[in-house]
Amino acid sequence: MKPIRTYLPLLVLVAGCATAPTPPPVPTPADTTFAWYQDAAPTQQVLRIDTAKSLITVTVRRGGTFARMGHDHVIASRSIEGFVAPDAGRADFRFRLDQMTVDETALRTKAGLTTQPDDDAIAGTRTNMLTRVLEAERYPLVTLHAERAAGKDDTLRLTVNLHGVSRTVEVPTTIERSNGGVTASGALTLLQSDFGITPMSVMGGALTVQDPMELAFRIVAAPLPR
């Protein structure tokens with residue numbers, strides 16, 4: 001029997017710390033998300049997230065009596081944008097839900113998933129995720145604000161805004177500095193229900209998407225071109 005298509009919402013996160021001031025591009029009047037970094041740049045280092053090198057992945061698992069008929073899924077964002085102020089121990093970044101990828105083969109392998117959904121199943125997952133679950137037209141952006149946790153150099157205090165709901169969590173983070181930039185990486189688990197998202201369920205709950213979302217991130221920030 002052909003596996004039933006599931007979906008998967010997503011989420012995700014992070015930011016870091018580093019070294020030497022370079023002004024970021026001026027935010028447009030309509031977009032004040034990154035305005036703090038424009039004001040801070042004359043007096044401290046500001047780094048920009050390298051979209052091409054940064055990645056957030058979310059793995060969700062199937063559940064229920066008929067779990068074998070569905071798929072686990074990996075959703076990924078490769079469109080992360082934002083800024084990091086290492087001396088201030090803070091970062092702000094965001095990504096668009098409609099730019100996320102679904103079930104890339106290499107990412108499924110890395111997550112330890114042994115099956116590969118076909119193109120129709122992937123398209124169905126993406127449609128269900130964006131329209132039925134995350135309401136991407138109404139809530140197109142996931143925004144994140146990270147600060148170094150007090151007294152914990154290896155922990156970030158992260159505020160995630162998803163689906164119109166904000167939640168703050170502490171995230172164990174590995175931070176590496178090189179060439180004037182910073183790389184922050186780590187993993188954590190969030191619940192869909194904490195963001196007002198109801199995990200998808202079909203056949204009266206016999207096949208479901210489990211509530212936990214397993215997040216992994218690697219955020220790279222580099223000095224801006226002079």
# chains A, B, ... in the order shown; residues from 1 in each chain; ligands from 1

call {"tool": "residues_around", "arguments": {"residues": "Thr159 of chain A", "least_positions_apart": "3", "cutoff": "8 Å", "atoms": "only C-alpha atoms", "output": "PDB file with N, CA and C atoms, in the first residue's frame"}}
result
ATOM      1  N   LEU A 144      13.079  35.553  14.858  1.00  0.00           N
ATOM      2  CA  LEU A 144      13.771  35.051  16.043  1.00  0.00           C
ATOM      3  C   LEU A 144      14.682  36.124  16.621  1.00  0.00           C
ATOM      4  N   HIS A 145      14.668  36.222  17.924  1.00  0.00           N
ATOM      5  CA  HIS A 145      15.560  37.134  18.636  1.00  0.00           C
ATOM      6  C   HIS A 145      16.345  36.316  19.647  1.00  0.00           C
ATOM      7  N   ALA A 146      17.670  36.401  19.587  1.00  0.00           N
ATOM      8  CA  ALA A 146      18.528  35.614  20.470  1.00  0.00           C
ATOM      9  C   ALA A 146      19.404  36.528  21.304  1.00  0.00           C
ATOM     10  N   SER A 166       4.546  33.859  20.267  1.00  0.00           N
ATOM     11  CA  SER A 166       5.946  33.953  20.673  1.00  0.00           C
ATOM     12  C   SER A 166       6.219  33.031  21.859  1.00  0.00           C
ATOM     13  N   ARG A 167       7.351  32.355  21.800  1.00  0.00           N
ATOM     14  CA  ARG A 167       7.798  31.510  22.907  1.00  0.00           C
ATOM     15  C   ARG A 167       9.299  31.725  23.096  1.00  0.00           C
ATOM     16  N   THR A 168       9.749  31.704  24.362  1.00  0.00           N
ATOM     17  CA  THR A 168      11.165  31.887  24.670  1.00  0.00           C
ATOM     18  C   THR A 168      11.720  30.617  25.298  1.00  0.00           C
ATOM     19  N   VAL A 169      12.858  30.162  24.776  1.00  0.00           N
ATOM     20  CA  VAL A 169      13.499  28.940  25.269  1.00  0.00           C
ATOM     21  C   VAL A 169      14.997  29.185  25.411  1.00  0.00           C
TER      22      VAL A 169
END

call {"tool": "select_by_dssp", "arguments": {"residues": "segment 133-174 of chain A", "states": "strand (DSSP E or B)", "output": "ChimeraX atom specification"}}
result
/A:141-148,155-162,165-174

call {"tool": "atom_distance", "arguments": {"atom1": "atom CA of Thr127 of chain A", "atom2": "atom CA of Val220 of chain A"}}
result
29.6 Å

call {"tool": "closest_residue", "arguments": {"among": "A:Asp39, A:Glu147, A:Asp72, A:Asp211", "to": "Leu113 of chain A", "atoms": "only C-alpha atoms"}}
result
A:Asp72

call {"tool": "closest_residue", "arguments": {"among": "A:Ile175, A:Val58, A:Ile122, A:Ile197", "to": "Asp103 of chain A", "atoms": "only C-alpha atoms"}}
result
A:Ile122

call {"tool": "closest_residue", "arguments": {"among": "A:Arg218, A:Arg108, A:Arg96, A:His163", "to": "Leu55 of chain A", "atoms": "only C-alpha atoms"}}
result
A:Arg218

call {"tool": "closest_residue", "arguments": {"among": "A:Arg94, A:Thr198, A:Asp119, A:Ala222", "to": "Val133 of chain A", "atoms": "only C-alpha atoms"}}
result
A:Thr198

call {"tool": "closest_atom_pairs", "arguments": {"of": "segment 42-100 of chain A", "to": "segment 148-154 of chain A", "cutoff": "10 Å", "atoms": "only C-alpha atoms", "output": "Markdown table"}}
result
| residue | atom | partner | partner_atom | distance |
| --- | --- | --- | --- | --- |
| A:Pro86 | CA | A:Arg148 | CA | 9.4 |
| A:Ala88 | CA | A:Arg148 | CA | 8.5 |
| A:Gly89 | CA | A:Arg148 | CA | 5.1 |
| A:Arg90 | CA | A:Arg148 | CA | 6.4 |
| A:Ala91 | CA | A:Arg148 | CA | 9.1 |

call {"tool": "select_by_dssp", "arguments": {"residues": "segment 29-111 of chain A", "states": "alpha helix (DSSP H)", "output": "VMD selection string"}}
result
chain A and resid 35 to 40 105 to 110

call {"tool": "closest_residue", "arguments": {"among": "A:Ile80, A:Asp98, A:Thr109, A:Ser178", "to": "Ile219 of chain A", "atoms": "only C-alpha atoms"}}
result
A:Ile80
